[in-house]
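Raw contents of work-v8.txt, compact mmCIF, C-alpha atoms:
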```txt
# COMPACT_ATOMS: atom_id res chain seq x y z
CA MET A 1 22.49 6.71 1.71
CA ALA A 2 19.42 7.20 3.84
CA ALA A 3 16.43 8.50 1.93
CA SER A 4 15.80 11.33 4.40
CA PHE A 5 19.41 12.47 4.11
CA ALA A 6 19.24 12.27 0.34
CA LEU A 7 16.15 14.42 0.36
CA ALA A 8 17.80 17.06 2.52
CA GLU A 9 20.92 17.04 0.35
CA GLY A 10 18.79 17.34 -2.77
CA ALA A 11 17.56 20.71 -1.56
CA ARG A 12 21.01 22.11 -2.44
CA SER A 13 20.32 21.57 -6.14
CA ARG A 14 16.70 22.66 -6.36
CA VAL A 15 14.37 21.76 -9.16
CA TRP A 16 13.27 25.26 -10.09
CA MET A 17 9.98 25.56 -11.94
CA SER A 18 8.05 28.39 -13.49
CA GLU A 19 4.78 29.53 -11.94
CA ASP A 20 2.90 27.71 -14.72
CA ASP A 21 4.77 24.47 -13.95
CA THR A 22 3.98 24.84 -10.26
CA HIS A 23 0.29 25.20 -10.92
CA SER A 24 0.43 22.11 -13.15
CA ALA A 25 0.88 19.94 -10.04
CA GLY A 26 -2.88 19.75 -9.52
CA GLU A 27 -3.39 18.73 -13.14
CA SER A 28 -0.57 16.16 -12.93
CA LEU A 29 -2.23 14.69 -9.86
CA ARG A 30 -5.61 14.53 -11.59
CA GLN A 31 -4.07 12.65 -14.51
CA ALA A 32 -2.25 10.25 -12.19
CA ILE A 33 -5.48 9.44 -10.34
CA LEU A 34 -7.27 8.92 -13.66
CA ASP A 35 -4.53 6.54 -14.78
CA ALA A 36 -4.92 4.43 -11.64
CA LEU A 37 -8.71 4.35 -11.95
CA ARG A 38 -8.53 3.34 -15.61
CA GLN A 39 -6.23 0.47 -14.71
CA ILE A 40 -8.83 -0.77 -12.24
CA GLU A 41 -11.52 -0.38 -14.93
CA VAL A 42 -9.52 -2.44 -17.43
CA ARG A 43 -8.96 -5.28 -14.95
CA LEU A 44 -12.58 -5.36 -13.80
CA SER A 45 -13.71 -5.42 -17.44
CA THR A 46 -11.72 -8.59 -18.13
CA GLU A 47 -14.07 -11.46 -18.89
CA ALA A 48 -12.36 -13.85 -16.48
CA MET A 49 -10.10 -12.11 -13.98
CA SER A 50 -6.86 -13.99 -13.36
CA ALA A 51 -4.90 -13.85 -10.12
CA SER A 52 -2.64 -11.30 -11.85
CA ASP A 53 -5.64 -9.15 -12.80
CA VAL A 54 -6.85 -9.15 -9.19
CA HIS A 55 -3.39 -8.26 -7.91
CA LEU A 56 -2.91 -5.40 -10.37
CA ALA A 57 -6.42 -4.03 -9.76
CA ARG A 58 -5.81 -3.98 -6.00
CA ARG A 59 -2.44 -2.26 -6.49
CA ALA A 60 -4.07 0.36 -8.70
CA ALA A 61 -6.79 0.86 -6.07
CA LYS A 62 -4.16 1.47 -3.40
CA ARG A 63 -2.39 3.95 -5.68
CA ALA A 64 -5.63 5.82 -6.43
CA ARG A 65 -6.39 6.01 -2.72
CA ALA A 66 -2.93 7.34 -1.86
CA LEU A 67 -2.99 9.95 -4.62
CA ALA A 68 -6.51 11.08 -3.70
CA ARG A 69 -5.10 12.02 -0.27
CA LEU A 70 -2.94 14.60 -2.05
CA ALA A 71 -5.92 16.28 -3.71
CA PRO A 72 -6.27 20.03 -3.10
CA PRO A 73 -9.14 21.44 -1.00
CA ASP A 74 -11.34 22.26 -4.00
CA LEU A 75 -11.51 18.53 -4.80
CA ALA A 76 -11.91 17.29 -1.24
CA THR A 77 -15.40 15.81 -1.73
CA LEU A 78 -14.48 13.93 -4.90
CA ALA A 79 -11.23 12.74 -3.31
CA ARG A 80 -13.08 11.43 -0.25
CA HIS A 81 -15.60 9.58 -2.44
CA THR A 82 -12.71 8.13 -4.45
CA ARG A 83 -10.98 6.77 -1.35
CA THR A 84 -14.21 5.16 -0.15
CA THR A 85 -14.95 3.54 -3.51
CA VAL A 86 -11.48 2.17 -4.22
CA ASP A 87 -11.26 0.87 -0.65
CA ARG A 88 -14.48 -1.07 -1.21
CA THR A 89 -13.09 -2.40 -4.49
CA ARG A 90 -9.78 -3.41 -2.93
CA ARG A 91 -11.46 -5.26 -0.05
CA ALA A 92 -13.87 -7.10 -2.36
CA LEU A 93 -11.04 -8.25 -4.60
CA GLY A 94 -8.91 -9.13 -1.60
CA GLU A 95 -11.45 -11.71 -0.48
CA ALA A 96 -11.01 -13.42 -3.85
CA ARG A 97 -7.27 -13.94 -3.34
CA ASP A 98 -7.00 -14.79 0.37
CA ALA A 99 -6.61 -18.51 -0.32
CA ASP A 100 -3.92 -17.83 -2.92
CA VAL A 101 -1.94 -15.70 -0.47
CA ARG A 102 -2.19 -18.33 2.27
CA ALA A 103 -0.99 -21.01 -0.14
CA ALA A 104 1.96 -18.90 -1.31
CA THR A 105 2.96 -18.03 2.27
CA LEU A 106 2.76 -21.67 3.29
CA GLU A 107 4.80 -22.75 0.27
CA ALA A 108 7.60 -20.34 1.24
CA LEU A 109 7.78 -22.04 4.66
CA LYS A 110 7.60 -25.58 3.24
CA PRO A 111 11.31 -26.45 3.81
CA LYS A 112 10.84 -25.83 7.54
CA LEU A 113 7.54 -27.70 7.90
CA GLY A 114 8.35 -31.22 6.73
CA ASP A 115 5.35 -33.56 6.63
CA ALA A 116 3.25 -30.97 8.49
CA HIS A 117 2.99 -29.02 5.22
CA GLU A 118 0.40 -31.38 3.74
CA VAL A 119 -1.86 -31.10 6.79
CA LEU A 120 -1.49 -27.32 6.86
CA ALA A 121 -2.21 -27.02 3.13
CA ARG A 122 -5.61 -28.65 3.71
CA LEU A 123 -6.35 -26.39 6.67
CA ALA A 124 -5.35 -23.29 4.71
CA GLN A 125 -7.91 -23.89 1.98
CA ASP A 126 -11.20 -22.00 1.95
CA GLU A 127 -14.37 -23.91 2.73
CA ALA A 128 -15.79 -22.92 -0.65
CA PRO A 129 -15.12 -25.65 -3.25
CA ASP A 130 -13.04 -23.41 -5.51
CA GLY A 131 -11.41 -21.50 -2.66
CA ARG A 132 -12.93 -18.18 -3.74
CA ARG A 133 -15.90 -16.02 -2.91
CA PRO A 134 -17.92 -14.39 -5.69
CA VAL A 135 -17.17 -10.75 -6.41
CA ALA A 136 -19.90 -8.35 -7.60
CA ARG A 137 -17.68 -7.07 -10.38
CA GLN A 138 -20.35 -5.29 -12.40
CA SER A 139 -21.36 -3.11 -9.46
CA LEU A 140 -17.72 -2.28 -8.69
CA LEU A 141 -17.03 -1.53 -12.34
CA GLU A 142 -19.94 0.89 -12.56
CA GLU A 143 -18.65 2.82 -9.56
CA ILE A 144 -15.13 3.02 -11.00
CA VAL A 145 -16.46 4.18 -14.40
CA ALA A 146 -18.39 6.94 -12.61
CA LEU A 147 -15.19 8.04 -10.86
CA VAL A 148 -13.31 8.12 -14.18
CA ARG A 149 -16.04 10.36 -15.56
CA ASP A 150 -15.95 12.71 -12.56
CA TRP A 151 -12.14 13.05 -12.55
CA SER A 152 -12.19 13.57 -16.33
CA LEU A 153 -14.62 16.47 -16.00
CA CYS A 154 -13.26 18.21 -12.91
CA GLU A 155 -10.77 21.08 -12.88
CA THR A 156 -8.32 22.26 -10.25
CA ARG A 157 -6.30 25.43 -9.97
CA ASP A 158 -4.20 24.53 -6.94
CA GLY A 159 -0.49 23.81 -7.22
CA LEU A 160 2.38 22.11 -5.54
CA ASP A 161 2.13 23.63 -2.06
CA ASP A 162 -1.08 21.73 -1.26
CA VAL A 163 0.45 18.48 -2.49
CA ILE A 164 3.61 18.99 -0.38
CA ALA A 165 1.55 19.72 2.73
CA ALA A 166 -0.56 16.58 2.22
CA ALA A 167 2.57 14.45 1.67
CA GLY A 168 4.02 15.86 4.88
CA ALA A 169 0.91 14.74 6.74
CA THR A 170 1.35 11.21 5.33
CA TYR A 171 5.00 11.15 6.41
CA ARG A 172 4.01 12.28 9.90
CA ARG A 173 1.31 9.58 10.13
CA MET A 174 3.72 6.90 8.87
CA ARG A 175 6.37 7.91 11.43
CA LYS A 176 3.85 7.97 14.27
CA ARG A 177 2.53 4.52 13.37
CA ALA A 178 6.08 3.16 13.15
CA LYS A 179 6.61 4.14 16.78
CA ALA A 180 3.30 2.57 17.81
CA ALA A 181 4.16 -0.64 15.96
CA ARG A 182 7.35 -1.16 18.00
CA HIS A 183 5.18 -1.84 21.04
CA GLY A 184 2.06 -3.14 19.33
CA GLY A 185 0.90 -6.37 17.74
CA GLY A 186 -0.30 -7.36 14.31
CA GLU A 187 -2.95 -4.63 14.10
CA ALA A 188 -0.40 -1.88 14.78
CA LEU A 189 1.88 -3.32 12.10
CA HIS A 190 -1.07 -3.47 9.69
CA ARG A 191 -1.87 0.19 10.31
CA TRP A 192 1.76 1.10 9.77
CA ARG A 193 1.84 -0.81 6.49
CA ALA A 194 -1.20 1.11 5.24
CA ALA A 195 0.59 4.41 5.87
CA VAL A 196 3.79 3.13 4.24
CA THR A 197 1.84 2.10 1.15
CA GLN A 198 0.29 5.54 0.84
CA PHE A 199 3.67 7.19 1.28
CA GLU A 200 5.25 4.94 -1.37
CA TYR A 201 2.78 6.01 -4.06
CA GLN A 202 2.85 9.65 -3.03
CA ALA A 203 6.66 9.71 -3.07
CA ASP A 204 6.65 8.15 -6.54
CA PHE A 205 4.30 10.89 -7.75
CA LEU A 206 6.37 13.64 -6.12
CA ALA A 207 9.54 12.38 -7.81
CA ARG A 208 8.54 14.35 -10.91
CA PHE A 209 9.04 17.53 -8.85
CA ALA A 210 11.77 16.31 -6.47
CA PRO A 211 13.78 13.45 -8.06
CA GLU A 212 15.24 12.45 -4.68
CA MET A 213 11.81 11.15 -3.75
CA LYS A 214 12.34 8.21 -6.11
CA ASP A 215 14.80 6.75 -3.59
CA ALA A 216 12.30 7.27 -0.79
CA SER A 217 9.65 5.47 -2.83
CA ARG A 218 11.98 2.49 -3.43
CA ILE A 219 12.82 2.16 0.26
CA ALA A 220 9.13 2.43 1.16
CA ASP A 221 8.40 -0.32 -1.37
CA ARG A 222 10.85 -2.67 0.36
CA LEU A 223 9.46 -1.75 3.77
CA ARG A 224 5.90 -2.36 2.57
CA LYS A 225 6.85 -5.81 1.29
CA HIS A 226 8.42 -6.77 4.63
CA LEU A 227 5.32 -5.61 6.51
CA GLY A 228 3.09 -7.35 3.98
CA ASP A 229 4.93 -10.63 4.50
CA ILE A 230 4.47 -10.25 8.26
CA ASN A 231 0.75 -9.68 7.77
CA ASP A 232 0.49 -12.72 5.49
CA LEU A 233 2.21 -14.87 8.13
CA ASP A 234 -0.14 -13.61 10.82
CA GLU A 235 -3.18 -14.24 8.63
CA LEU A 236 -2.05 -17.76 7.76
CA CYS A 237 -1.30 -18.73 11.36
CA GLY A 238 -4.58 -17.28 12.59
CA PHE A 239 -6.63 -18.98 9.87
CA VAL A 240 -5.25 -22.49 10.40
CA SER A 241 -5.43 -22.13 14.19
CA ARG A 242 -9.15 -21.38 13.99
CA ARG A 243 -9.69 -24.54 11.91
CA GLU A 244 -7.67 -26.86 14.16
CA THR A 245 -9.92 -29.75 15.29
CA GLU A 246 -7.73 -32.84 15.60
CA ALA A 247 -4.49 -33.87 17.33
CA VAL A 248 -2.66 -34.04 14.00
CA HIS A 249 -3.81 -30.48 13.35
CA ARG A 250 -2.41 -29.27 16.67
CA SER A 251 1.00 -30.75 15.94
CA ALA A 252 1.12 -29.20 12.47
CA VAL A 253 -0.11 -25.81 13.67
CA HIS A 254 2.51 -25.82 16.44
CA ARG A 255 5.22 -26.46 13.86
CA LEU A 256 3.90 -23.63 11.69
CA SER A 257 3.81 -21.27 14.68
CA LYS A 258 7.43 -22.05 15.48
CA ALA A 259 8.63 -21.59 11.88
CA GLY A 260 6.43 -18.53 11.42
CA ALA A 261 7.73 -16.87 14.59
CA ALA A 262 11.34 -17.21 13.43
CA GLN A 263 10.52 -15.81 9.99
CA ARG A 264 8.47 -13.01 11.53
CA ALA A 265 11.38 -11.96 13.75
CA ARG A 266 13.67 -11.73 10.71
CA LEU A 267 11.12 -9.67 8.80
CA ILE A 268 10.62 -7.30 11.75
CA GLU A 269 14.38 -6.71 11.89
CA ARG A 270 14.51 -5.97 8.15
CA ALA A 271 11.48 -3.69 8.36
CA TYR A 272 13.01 -1.50 11.04
CA ALA A 273 16.30 -1.34 9.18
CA ARG A 274 14.38 0.12 6.23
CA ALA A 275 12.42 2.40 8.58
CA ASP A 276 15.65 3.81 9.98
CA GLU A 277 16.58 4.84 6.42
CA LEU A 278 13.20 6.30 5.63
CA LEU A 279 12.19 8.07 8.84
CA ALA A 280 15.36 9.77 10.07
CA LEU A 281 13.97 13.32 9.80
CA LYS A 282 11.23 14.71 11.99
CA PRO A 283 8.06 15.58 10.05
CA ALA A 284 8.61 19.35 10.01
CA ALA A 285 12.20 18.97 8.83
CA TRP A 286 11.18 16.41 6.20
CA THR A 287 8.45 18.67 4.80
CA LYS A 288 10.83 21.64 4.76
CA ALA A 289 13.46 19.61 2.88
CA LEU A 290 10.86 18.46 0.35
CA ARG A 291 9.63 22.00 -0.17
CA LYS A 292 13.18 23.22 -0.85
CA SER A 293 13.87 20.30 -3.16
CA CYS A 294 10.80 21.32 -5.16
CA GLY A 295 12.08 24.90 -5.36
CA ARG A 296 9.42 26.33 -3.03
```

What would the structure in this file look like if it were written as structure tokens?
Amino acid sequence: MAASFALAEGARSRVWMSEDDTHSAGESLRQAILDALRQIEVRLSTEAMSASDVHLARRAAKRARALARLAPPDLATLARHTRTTVDRTRRALGEARDADVRAATLEALKPKLGDAHEVLARLAQDEAPDGRRPVARQSLLEEIVALVRDWSLCETRDGLDDVIAAAGATYRRMRKRAKAARHGGGEALHRWRAAVTQFEYQADFLARFAPEMKDASRIADRLRKHLGDINDLDELCGFVSRRETEAVHRSAVHRLSKAGAAQRARLIERAYARADELLALKPAAWTKALRKSCGR
């Protein structure tokens, strides 16, 4: 069943809440943002961050950013500062795992690359000896700790209506970018993926008020993964192409481009199949259905 249809159907059995429960939405959001920030803090505090620590910290940063977009007007300044800080953290940590992502993407294509894989594996490595760039973790950690303090001390009195309106804006942005991506290149797909990621985390949060949103979050998760795989392919192909200097490189890069193009086409098809499930309703209708499902 399509997520949008499920959401509309869910409005028939509303999740009625008392006025006190409704006004707890702001507090629930504050706690969810704090949880994400504390997860980043824990990972950054690890003595030697593993690849898993980096991955989980970046995921928590994306979740904090998405949830901060739902913040009510009285917390707009803090929410904006939060998005800026976790974005900086995510990008810094992303640089530390680029080589790992290229290697994993290349390994998935290995059966189609034959002896070109060995040449491509050398091209895909970073120039730095250990394949990683240093990350100023202490500075990032101090900024995250400050955010944890600020969100711990702040108060909000706004309820669910503000959160629903903000989620509706995310859905509208995601739908608009999906249309642009049908006629755009890698950058358009990247922008779409960013909106899908935000929607995924917001839908997961909203599921506590509208359980049907859990299905929407799961579909968005699959869509995000497809778009992420496309981005990883594009990044890998672009990186090795820029480092091509010899005839043997050109042959290997050509083989990668051919295999990558076929895989990319399959991923695009899967992504739009998921998008058809997720984006069936127009933004106004989607927001109205969500509001009814939440008993508003």

Enumerate, in order of chain and increasing residue number, the residues of stretch 120-237 of chain A with an atom no farther than 9 Å from stretch 25-29 of chain A, each with its shortest atom pair and distance in Å to one decimal, counting only C-alpha atoms, as JSON lines.
```
{"residue": "A:Glu155", "atom": "CA", "partner": "A:Glu27", "partner_atom": "CA", "distance": 7.7}
{"residue": "A:Thr156", "atom": "CA", "partner": "A:Gly26", "partner_atom": "CA", "distance": 6.0}
{"residue": "A:Arg157", "atom": "CA", "partner": "A:Gly26", "partner_atom": "CA", "distance": 6.6}
{"residue": "A:Asp158", "atom": "CA", "partner": "A:Gly26", "partner_atom": "CA", "distance": 5.6}
{"residue": "A:Gly159", "atom": "CA", "partner": "A:Ala25", "partner_atom": "CA", "distance": 5.0}
{"residue": "A:Leu160", "atom": "CA", "partner": "A:Ala25", "partner_atom": "CA", "distance": 5.2}
{"residue": "A:Asp161", "atom": "CA", "partner": "A:Ala25", "partner_atom": "CA", "distance": 8.9}
{"residue": "A:Asp162", "atom": "CA", "partner": "A:Gly26", "partner_atom": "CA", "distance": 8.7}
{"residue": "A:Val163", "atom": "CA", "partner": "A:Ala25", "partner_atom": "CA", "distance": 7.7}
{"residue": "A:Phe205", "atom": "CA", "partner": "A:Leu29", "partner_atom": "CA", "distance": 7.8}
{"residue": "A:Phe209", "atom": "CA", "partner": "A:Ala25", "partner_atom": "CA", "distance": 8.6}
```

Output for the residues just chosen: C-alpha atoms as a compact mmCIF listing (two decimals), in the frame of the given file:
```txt
# COMPACT_ATOMS: atom_id res chain seq x y z
CA GLU A 155 -10.77 21.08 -12.88
CA THR A 156 -8.32 22.26 -10.25
CA ARG A 157 -6.30 25.43 -9.97
CA ASP A 158 -4.20 24.53 -6.94
CA GLY A 159 -0.49 23.81 -7.22
CA LEU A 160 2.38 22.11 -5.54
CA ASP A 161 2.13 23.63 -2.06
CA ASP A 162 -1.08 21.73 -1.26
CA VAL A 163 0.45 18.48 -2.49
CA PHE A 205 4.30 10.89 -7.75
CA PHE A 209 9.04 17.53 -8.85
```

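Comparing the minimum interatomic distances between A:Gly186 and each of A:Thr245, A:Asn231, A:Thr84, A:Ser139, counting only C-alpha atoms, we find that A:Asn231 sits nearest.
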
- Query: Near stretch 212-228 of chain A, counting only C-alpha atoms, which residues have an atom at most 6 Å away, once you skip same-chain residues fewer than 3 positions from it, shown as a list in words?
  - Reply: Ala3, Leu7, Arg193, Glu200, Ala203, Asp204, Ala207, Asn231, Leu267, Ala271 and Arg274 of chain A

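Between atom CA of A:Ala275 and atom CA of A:Thr197 there is a distance of 12.9 Å.
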
- Message: Using all atoms listed in the file, which protein or nucleic acid residues come within 10 Å of stretch 148-152 of chain A? Drop anything in the same chain fewer than 4 positions from it, and give the result as a VMD selection string.
- Response: chain A and resid 30 to 31 33 to 38 41 75 78 to 79 82 142 to 144

- How far is it from atom CA of A:Ala99 to atom CA of A:Gly184, in Å with one decimal? 26.4 Å

- Please provide the set of residues having any atom within 7 Å of A:Val240, restricted to all atoms listed in the file, with same-chain residues fewer than 5 positions apart removed, written as a ChimeraX atom specification. /A:123-124,253

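In this model, the gap between atom CA of A:Arg255 and atom CA of A:Ala108 comes to 14.2 Å.
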
Let me have the centre and edge lengths of the axis-aligned box enclosing all listed atoms of stretch 169-184 of chain A with 4 Å padding on every side, in Å to one decimal, as AutoDock Vina command-line options.
```
--center_x 4.1 --center_y 5.8 --center_z 13.2 --size_x 14.4 --size_y 25.9 --size_z 23.7
```

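If you measure from each of A:Glu235, A:Glu95, A:Asp229, A:Glu277 to A:Ala136 using all atoms listed in the file, the closest one turns out to be A:Glu95.
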
Residue completion, stretch 278-289 of chain A, N, CA, C and O atoms, as a CSV table (one decimal), in the frame of the given file:
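Listed below is the output, part-v2.csv:
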```
chain,number,residue,atom,x,y,z
A,278,LEU,N,14.3,5.5,6.2
A,278,LEU,CA,13.2,6.3,5.6
A,278,LEU,C,12.7,7.4,6.6
A,278,LEU,O,12.3,8.5,6.1
A,279,LEU,N,12.9,7.2,7.9
A,279,LEU,CA,12.2,8.1,8.8
A,279,LEU,C,13.2,8.8,9.7
A,279,LEU,O,12.8,9.2,10.8
A,280,ALA,N,14.4,9.1,9.2
A,280,ALA,CA,15.4,9.8,10.1
A,280,ALA,C,15.0,11.2,10.4
A,280,ALA,O,15.2,11.6,11.6
A,281,LEU,N,14.3,11.9,9.5
A,281,LEU,CA,14.0,13.3,9.8
A,281,LEU,C,12.6,13.4,10.5
A,281,LEU,O,11.7,12.6,10.3
A,282,LYS,N,12.5,14.4,11.4
A,282,LYS,CA,11.2,14.7,12.0
A,282,LYS,C,10.3,15.3,10.9
A,282,LYS,O,10.8,15.8,9.9
A,283,PRO,N,9.0,15.2,11.1
A,283,PRO,CA,8.1,15.6,10.0
A,283,PRO,C,8.3,17.0,9.5
A,283,PRO,O,8.2,17.2,8.3
A,284,ALA,N,8.4,18.0,10.4
A,284,ALA,CA,8.6,19.4,10.0
A,284,ALA,C,9.9,19.5,9.2
A,284,ALA,O,9.8,20.2,8.1
A,285,ALA,N,10.9,18.9,9.6
A,285,ALA,CA,12.2,19.0,8.8
A,285,ALA,C,12.1,18.3,7.5
A,285,ALA,O,12.6,18.7,6.5
A,286,TRP,N,11.4,17.1,7.5
A,286,TRP,CA,11.2,16.4,6.2
A,286,TRP,C,10.4,17.3,5.2
A,286,TRP,O,10.7,17.4,4.0
A,287,THR,N,9.3,17.8,5.7
A,287,THR,CA,8.4,18.7,4.8
A,287,THR,C,9.2,19.9,4.3
A,287,THR,O,9.1,20.3,3.1
A,288,LYS,N,10.0,20.5,5.2
A,288,LYS,CA,10.8,21.6,4.8
A,288,LYS,C,11.8,21.2,3.7
A,288,LYS,O,12.0,22.0,2.7
A,289,ALA,N,12.5,20.1,3.9
A,289,ALA,CA,13.5,19.6,2.9
A,289,ALA,C,12.8,19.3,1.5
A,289,ALA,O,13.3,19.7,0.5
```
